[in-house]
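Undergrad: I am sharing structure.txt, which consists of compact mmCIF, C-alpha atoms:
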# COMPACT_ATOMS: atom_id res chain seq x y z
CA MET A 278 -29.96 51.50 -42.36
CA ARG A 279 -33.54 50.24 -42.58
CA LYS A 280 -33.64 51.05 -46.27
CA SER A 281 -30.82 48.65 -47.15
CA ALA A 282 -32.07 45.93 -44.77
CA LEU A 283 -35.30 45.33 -46.68
CA PRO A 284 -33.79 44.61 -50.11
CA ARG A 285 -31.10 42.39 -48.56
CA CYS A 286 -33.81 40.44 -46.74
CA LEU A 287 -35.72 40.13 -50.01
CA VAL A 288 -32.63 39.02 -51.91
CA ASN A 289 -31.82 36.43 -49.24
CA GLY A 290 -35.40 35.20 -49.29
CA VAL A 291 -35.42 34.87 -53.07
CA LEU A 292 -32.03 33.11 -52.97
CA ALA A 293 -33.23 30.68 -50.30
CA MET A 294 -36.39 29.97 -52.30
CA THR A 295 -34.38 29.38 -55.49
CA VAL A 296 -31.99 27.04 -53.69
CA ASN A 297 -34.92 25.13 -52.16
CA LEU A 298 -36.46 24.93 -55.61
CA TYR A 299 -33.36 23.02 -56.78
CA LEU A 300 -33.71 20.71 -53.77
CA LEU A 301 -37.39 20.16 -54.53
CA LEU A 302 -36.69 19.56 -58.23
CA ALA A 303 -33.92 17.04 -57.48
CA PHE A 304 -36.10 14.97 -55.13
CA ALA A 305 -39.15 15.22 -57.40
CA ALA A 306 -37.10 14.14 -60.43
CA VAL A 307 -35.67 11.09 -58.64
CA TRP A 308 -39.07 9.89 -57.42
CA LEU A 309 -40.62 10.55 -60.82
CA ILE A 310 -37.91 8.47 -62.53
CA PHE A 311 -38.42 5.59 -60.08
CA MET A 312 -42.21 5.78 -60.37
CA LEU A 313 -42.06 5.76 -64.18
CA TYR A 314 -39.76 2.75 -64.16
CA ALA A 315 -41.93 0.87 -61.63
CA TRP A 316 -45.01 1.67 -63.76
CA SER A 317 -43.26 0.44 -66.93
CA LEU A 318 -42.22 -2.79 -65.15
CA SER A 319 -45.73 -3.48 -63.85
CA ARG A 320 -47.22 -2.78 -67.30
CA ARG A 321 -44.80 -5.25 -68.91
CA GLN A 322 -45.58 -7.83 -66.22
CA ALA A 323 -49.34 -7.43 -66.73
CA ARG A 324 -48.96 -7.84 -70.50
CA LEU A 325 -46.80 -10.94 -70.01
CA GLN A 326 -49.33 -12.43 -67.60
CA ARG A 327 -52.11 -11.84 -70.16
CA ASP A 328 -50.09 -13.47 -72.95
CA LEU A 329 -49.24 -16.45 -70.73
CA GLU A 330 -52.89 -16.98 -69.79
CA GLU A 331 -53.92 -16.71 -73.45
CA LEU A 332 -51.35 -19.30 -74.56
CA LYS A 333 -52.23 -21.66 -71.72
CA THR A 334 -55.91 -21.47 -72.70
CA LYS A 335 -55.01 -22.16 -76.35
CA LEU A 336 -52.94 -25.19 -75.33
CA ARG A 337 -55.74 -26.48 -73.08
CA ASP A 338 -58.35 -26.09 -75.80
CA GLN A 339 -56.34 -27.98 -78.40
CA PRO A 340 -57.65 -31.46 -79.25
CA PRO A 341 -55.46 -34.21 -77.78
CA ALA A 342 -52.92 -35.71 -80.18
CA PRO A 343 -53.95 -39.12 -81.60
CA PRO A 344 -52.22 -42.11 -79.97
CA GLY A 345 -48.88 -42.95 -81.58
CA ALA A 346 -48.58 -39.50 -83.15
CA MET B 244 -41.48 -10.06 -52.85
CA THR B 245 -44.15 -8.26 -50.77
CA ALA B 246 -41.92 -8.35 -47.68
CA HIS B 247 -39.05 -6.94 -49.75
CA LEU B 248 -41.29 -4.15 -51.06
CA ALA B 249 -42.47 -3.31 -47.51
CA LEU B 250 -38.87 -3.26 -46.26
CA THR B 251 -37.82 -1.00 -49.15
CA ALA B 252 -40.71 1.41 -48.55
CA ALA B 253 -40.02 1.58 -44.80
CA TRP B 254 -36.28 2.06 -45.35
CA LEU B 255 -36.90 4.84 -47.88
CA LEU B 256 -39.24 6.60 -45.44
CA VAL B 257 -36.60 6.43 -42.69
CA ALA B 258 -34.01 7.77 -45.16
CA LEU B 259 -36.30 10.67 -46.11
CA TYR B 260 -36.92 11.48 -42.44
CA MET B 261 -33.18 11.49 -41.77
CA ILE B 262 -32.35 13.59 -44.84
CA PHE B 263 -34.82 16.37 -43.99
CA LEU B 264 -35.18 16.21 -40.19
CA TYR B 265 -32.17 14.45 -38.68
CA ALA B 266 -29.14 15.51 -40.74
CA PRO B 267 -27.86 19.00 -39.86
CA GLN B 268 -27.81 21.81 -42.39
CA GLU B 269 -24.45 22.22 -44.11
CA LEU B 270 -22.81 25.60 -43.36
CA THR B 271 -21.65 26.72 -46.81
CA MET B 272 -24.31 25.41 -49.17
CA GLY B 273 -27.28 25.32 -46.81
CA GLU B 274 -30.40 23.29 -47.59
CA VAL B 275 -29.42 22.42 -51.16
CA GLN B 276 -26.60 20.20 -49.84
CA ARG B 277 -29.31 17.65 -48.91
CA ILE B 278 -29.27 16.63 -52.60
CA PHE B 279 -25.94 14.98 -51.74
CA TYR B 280 -27.68 12.07 -49.96
CA ILE B 281 -29.67 10.96 -53.01
CA HIS B 282 -27.04 11.99 -55.59
CA ALA B 283 -24.14 10.06 -54.01
CA SER B 284 -26.35 7.09 -53.05
CA ALA B 285 -27.63 6.81 -56.62
CA GLY B 286 -24.03 7.01 -57.85
CA TRP B 287 -22.87 4.17 -55.58
CA THR B 288 -25.89 2.08 -56.58
CA ALA B 289 -25.14 2.65 -60.29
CA GLY B 290 -21.57 1.47 -59.61
CA THR B 291 -22.90 -1.66 -57.87
CA ALA B 292 -25.23 -2.23 -60.81
CA TYR B 293 -22.42 -2.11 -63.34
CA PHE B 294 -20.34 -4.45 -61.17
CA LEU B 295 -23.24 -6.95 -61.29
CA VAL B 296 -23.46 -6.51 -65.07
CA PHE B 297 -19.73 -7.30 -65.24
CA LEU B 298 -20.03 -10.30 -62.91
CA GLY B 299 -23.11 -11.70 -64.68
CA SER B 300 -21.43 -11.23 -68.07
CA VAL B 301 -18.23 -13.03 -67.02
CA ILE B 302 -20.20 -15.97 -65.57
CA TYR B 303 -22.43 -16.11 -68.65
CA LEU B 304 -19.49 -16.24 -71.07
CA TRP B 305 -17.71 -18.78 -68.91
CA ARG B 306 -20.59 -21.13 -67.97
CA ARG B 307 -23.41 -20.04 -70.34
CA SER B 308 -25.59 -19.66 -67.25
CA ALA B 309 -29.04 -18.28 -68.09
CA THR B 310 -29.45 -16.97 -64.51
CA ALA B 311 -26.19 -15.00 -64.73
CA ASP B 312 -27.35 -13.53 -68.05
CA ALA B 313 -30.73 -12.59 -66.54
CA LEU B 314 -28.97 -10.96 -63.58
CA ALA B 315 -26.70 -8.95 -65.88
CA GLN B 316 -29.66 -7.87 -68.01
CA ALA B 317 -31.73 -6.82 -64.97
CA ALA B 318 -28.80 -5.00 -63.31
CA GLY B 319 -28.08 -3.20 -66.61
CA GLU B 320 -31.62 -1.91 -66.97
CA VAL B 321 -32.07 -0.89 -63.32
CA GLY B 322 -28.53 0.54 -63.21
CA PHE B 323 -29.47 2.77 -66.14
CA ILE B 324 -32.30 4.21 -64.01
CA PHE B 325 -29.97 4.95 -61.08
CA CYS B 326 -27.28 6.43 -63.33
CA THR B 327 -29.95 8.69 -64.88
CA CYS B 328 -30.81 9.88 -61.35
CA VAL B 329 -27.13 10.77 -60.82
CA LEU B 330 -27.03 12.79 -64.03
CA VAL B 331 -30.27 14.60 -63.19
CA THR B 332 -29.53 15.44 -59.54
CA GLY B 333 -25.88 16.40 -60.24
CA PRO B 334 -26.63 19.47 -62.37
CA LEU B 335 -29.50 20.46 -60.04
CA TRP B 336 -26.96 20.59 -57.21
CA ALA B 337 -24.14 22.04 -59.34
CA LYS B 338 -26.11 25.10 -60.46
CA PRO B 339 -26.66 26.63 -56.98
CA ALA B 340 -23.31 25.33 -55.63
CA TRP B 341 -20.93 26.11 -58.53
CA GLY B 342 -23.00 28.50 -60.62
CA ILE B 343 -22.92 26.16 -63.65
CA TRP B 344 -25.03 23.19 -64.67
CA TRP B 345 -22.25 21.08 -66.11
CA THR B 346 -18.53 21.00 -66.85
CA TRP B 347 -16.50 18.39 -68.68
CA ASP B 348 -14.20 17.47 -65.81
CA ALA B 349 -12.92 13.91 -65.34
CA ARG B 350 -15.58 12.73 -62.84
CA LEU B 351 -18.55 14.19 -64.69
CA THR B 352 -17.34 13.00 -68.09
CA LEU B 353 -16.65 9.46 -66.83
CA THR B 354 -20.08 9.29 -65.20
CA PHE B 355 -21.63 10.40 -68.49
CA VAL B 356 -19.62 7.64 -70.23
CA LEU B 357 -21.00 5.14 -67.66
CA TRP B 358 -24.52 6.30 -68.52
CA LEU B 359 -23.77 5.83 -72.24
CA LEU B 360 -22.49 2.32 -71.48
CA PHE B 361 -25.77 1.52 -69.71
CA VAL B 362 -27.68 2.90 -72.72
CA ALA B 363 -25.58 0.80 -75.13
CA TYR B 364 -26.13 -2.28 -72.99
CA VAL B 365 -29.91 -1.83 -72.76
CA MET B 366 -30.19 -1.03 -76.50
CA LEU B 367 -28.17 -4.11 -77.45
CA ARG B 368 -30.51 -6.29 -75.42
CA ALA B 369 -33.55 -4.66 -76.98
CA TYR B 370 -32.59 -4.48 -80.66
CA VAL B 371 -30.54 -7.61 -81.43
CA THR B 372 -33.26 -10.06 -82.40
CA ASN B 373 -31.37 -13.32 -81.80
CA PRO B 374 -31.43 -13.74 -77.96
CA ALA B 375 -28.22 -15.83 -77.77
CA ARG B 376 -26.34 -13.33 -79.94
CA ALA B 377 -27.73 -10.41 -77.90
CA ALA B 378 -26.57 -12.07 -74.68
CA VAL B 379 -23.02 -12.59 -76.00
CA LEU B 380 -22.71 -9.06 -77.45
CA ALA B 381 -24.13 -7.49 -74.28
CA ALA B 382 -21.75 -9.55 -72.14
CA VAL B 383 -18.79 -8.24 -74.15
CA VAL B 384 -20.01 -4.63 -73.64
CA GLY B 385 -20.62 -5.40 -69.95
CA ILE B 386 -17.06 -6.66 -69.47
CA LEU B 387 -15.21 -4.05 -71.55
CA GLY B 388 -17.29 -1.18 -70.14
CA PHE B 389 -16.45 -2.11 -66.57
CA VAL B 390 -13.05 -0.43 -67.06
CA ASP B 391 -14.92 2.88 -66.67
CA VAL B 392 -16.16 2.15 -63.11
CA PRO B 393 -12.88 2.10 -61.12
CA ILE B 394 -11.50 5.03 -63.15
CA ASP B 395 -14.70 6.98 -62.45
CA TYR B 396 -14.35 6.16 -58.73
CA MET B 397 -10.68 7.22 -58.65
CA ALA B 398 -11.09 10.29 -60.90
CA ILE B 399 -11.55 12.71 -57.97
CA ARG B 400 -8.47 11.22 -56.27
CA TRP B 401 -6.18 11.18 -59.31
CA TRP B 402 -7.05 14.49 -60.95
CA ARG B 403 -8.03 17.98 -59.85
CA THR B 404 -11.72 18.27 -60.69
CA GLN B 405 -14.59 20.73 -60.32
CA HIS B 406 -16.44 17.87 -58.60
CA PRO B 407 -15.65 17.88 -54.83
CA GLN B 408 -12.90 15.66 -53.47
CA PRO B 409 -14.09 12.43 -51.76
CA VAL B 410 -15.80 12.72 -48.39
CA ILE B 411 -15.85 8.94 -47.83
CA ALA B 412 -12.49 7.11 -47.81
CA GLY B 413 -10.81 10.27 -48.99
CA GLY B 414 -7.87 10.18 -46.58
CA ALA B 415 -6.78 12.86 -44.13
CA GLY B 416 -8.92 16.00 -44.03
CA SER B 417 -11.96 14.34 -45.59
CA GLY B 418 -15.03 12.95 -43.84
CA LEU B 419 -18.58 13.79 -42.86
CA GLU B 420 -20.18 15.04 -39.67
CA PRO B 421 -21.40 11.87 -37.79
CA ARG B 422 -25.13 12.56 -38.30
CA MET B 423 -24.54 13.33 -41.99
CA PHE B 424 -22.50 10.12 -42.33
CA LEU B 425 -25.26 8.03 -40.72
CA THR B 426 -27.90 9.66 -42.95
CA PHE B 427 -25.79 8.94 -46.02
CA MET B 428 -25.31 5.28 -45.00
CA VAL B 429 -29.05 4.81 -44.36
CA THR B 430 -29.94 6.42 -47.71
CA MET B 431 -27.37 4.30 -49.53
CA GLY B 432 -28.78 1.17 -47.85
CA ALA B 433 -32.31 2.17 -48.85
CA PHE B 434 -31.25 2.74 -52.47
CA HIS B 435 -29.48 -0.62 -52.59
CA CYS B 436 -32.59 -2.28 -51.15
CA LEU B 437 -34.72 -0.59 -53.83
CA PHE B 438 -32.19 -1.65 -56.47
CA ALA B 439 -32.35 -5.29 -55.27
CA TYR B 440 -36.17 -5.20 -55.36
CA LEU B 441 -36.28 -3.80 -58.90
CA VAL B 442 -33.65 -6.31 -60.09
CA ARG B 443 -35.72 -9.17 -58.65
CA GLN B 444 -38.83 -7.84 -60.41
CA ARG B 445 -36.93 -7.51 -63.69
CA MET B 446 -35.53 -11.04 -63.36
CA ALA B 447 -39.04 -12.38 -62.72
CA LEU B 448 -40.12 -10.67 -65.94
CA ALA B 449 -37.25 -12.34 -67.83
CA ARG B 450 -38.25 -15.74 -66.38
CA GLY B 451 -41.85 -15.15 -67.46
CA ARG B 452 -40.70 -14.30 -70.97
CA GLY B 453 -38.70 -17.53 -71.10
CA GLU B 454 -41.82 -19.43 -70.08
CA LEU B 455 -43.82 -17.62 -72.77
CA SER B 456 -41.28 -18.57 -75.47
CA ALA B 457 -41.38 -22.21 -74.34
CA LEU B 458 -45.20 -22.21 -74.49
CA ARG B 459 -45.13 -20.64 -77.97
CA ARG B 460 -42.74 -23.33 -79.18
CA ARG B 461 -44.98 -26.03 -77.67
CA LEU B 462 -48.03 -24.53 -79.36
CA ALA B 463 -46.25 -24.28 -82.72
CA SER B 464 -45.00 -27.86 -82.57
CA SER B 465 -48.43 -29.21 -81.57
CA ALA B 466 -50.03 -27.21 -84.41
CA ALA B 467 -47.54 -28.73 -86.87
CA GLU B 468 -48.40 -32.32 -85.82
Go ahead and render the structure in this file as structure tokens.
TA:
Amino acid sequence: MRKSALPRCLVNGVLAMTVNLYLLLAFAAVWLIFMLYAWSLSRRQARLQRDLEELKTKLRDQPPAPPGA
Amino acid sequence: MTAHLALTAAWLLVALYMIFLYAPQELTMGEVQRIFYIHASAGWTAGTAYFLVFLGSVIYLWRRSATADALAQAAGEVGFIFCTCVLVTGPLWAKPAWGIWWTWDARLTLTFVLWLLFVAYVMLRAYVTNPARAAVLAAVVGILGFVDVPIDYMAIRWWRTQHPQPVIAGGAGSGLEPRMFLTFMVTMGAFHCLFAYLVRQRMALARGRGELSALRRRLASSAAE
């Protein structure tokens, strides 16, 4: 009786751990996908901000157009 | 934007608390059933996203509204992210529940088609160099592709599938335990709030790019004078 109880307990434990691994993987994958997208968005926004500042500086530094031009 | 981000973060934390500590454990599948809350919520959000793509595309073709086009573009890109989450979490739930990662039943196949439509939409926007042409082509894909969404929703009602029958609005015999239902609703709300936040961010990026193009044109014309 005791002999068969141990392996069953082990099997159940391993099964439970495997099932929880799927749960862990699913949640980790979702948060990783969201984090990667949020990071990509913020990187694109930072680059855009830099380009905008650069262009604004260029426009400011340009000599004013002669009157009547 | 900051208030929206704070609300999203708080809502997501409440959803996580409810998923792991409030919702009861399902009898047959056990702990792994908790994937349901993020899997189904991501699926509904992807459906909402494609509806916004459709709506934005129709308004753009009808009125040539730049805002509608920006909304469709943002919803397309963010919807792709949510649809990817559905396709990642689905197999991770299917393997312990069904013993297989994937099967080509009606629901799974139509969801994969939806993901391909999102990919096509995002690629069109990225690779067609003329912005006006890209907007028109993407709008056509956005409108034609919308056919997939209601069929995908009805697939588990119309056909016998490996995917479970509906638990929400599934008629007699369907339904969720009240605490599970509440947890699902809160998670779905949190995902929609996150979706709205990301769409707003993406639209702000599109507005910034428009401003950049206008500045470049101004610089080029002043250099030519």
Undergrad: With 9 Å as the limit and counting all atoms listed in the file, what residues in chain A lie close to chain B? Please list them as a VMD selection string.
TA: chain A and resid 293 295 to 304 306 to 307 310 to 311 314 to 315 318 to 319 321 to 322 325 to 326 328 to 329 332 to 333 335 to 336 339 342 346
Undergrad: Excluding same-chain residues fewer than 3 positions from region 392-401 of chain B, what lies within 7 Å of it counting all atoms listed in the file, as an MDAnalysis selection string?
TA: chainID B and resid 290 349:350 353:354 389 404 408:409
Undergrad: Figure out the distance between CA of Val296 (chain B) and CA of Val257 (chain B), please, to one decimal in Å.
TA: 29.0 Å
Undergrad: In Å, how far is it from CA of Tyr280 (chain B) to CA of Met428 (chain B)?
TA: 8.7 Å
Undergrad: Find the residues around Thr251 (chain B) up to 8 Å (only C-alpha atoms counted), leave out those fewer than 3 positions away in its own chain, and share them as a list in words.
TA: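 Counting only C-alpha atoms, the residues come to His247, Leu248, Trp254, Leu255, Ala433, Cys436, Leu437 and Tyr440 of chain B.
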Undergrad: Would you please work out which residue, of B:Ala457, B:Leu270, B:Asp348, B:Leu304, is nearest to Trp402 (chain B) when using only C-alpha atoms?
TA: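 Closest residue, counting only C-alpha atoms: B:Asp348.
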Undergrad: Distance CA of His406 (chain B)-CA of Tyr260 (chain B), one decimal place?
TA: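 For CA of His406 (chain B) relative to CA of Tyr260 (chain B), the distance reads 26.9 Å.
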Undergrad: Around all of region 310-324 of chain A's listed atoms, make the axis-aligned box with 4 Å on each side and tell me centre and edge lengths in Å to one decimal, as lines of an AutoDock Vina configuration file.
TA:
center_x = -43.6
center_y = 0.3
center_z = -65.3
size_x = 19.4
size_y = 24.3
size_z = 18.4
Undergrad: Please provide the set of residues having any atom within 9 Å of Phe355 (chain B), restricted to all atoms listed in the file, with same-chain residues fewer than 4 positions apart removed, written as a PyMOL selection string.
TA: chain B and resi 326+330+350-351+359-360
Undergrad: Determine, counting all atoms listed in the file, which protein, DNA and RNA residues have an atom within 12 Å of an atom of region 371-377 of chain B; residues of the same chain fewer than 6 positions away are not included. Present the result as a list in words.
TA: Ser300, Tyr303, Leu304, Arg307, Ser308, Ala309, Asp312, Ala313, Gln316, Ala363, Tyr364, Val365, Val383, Val384, Gly385, Ala449, Arg452, Gly453 and Ser456 of chain B
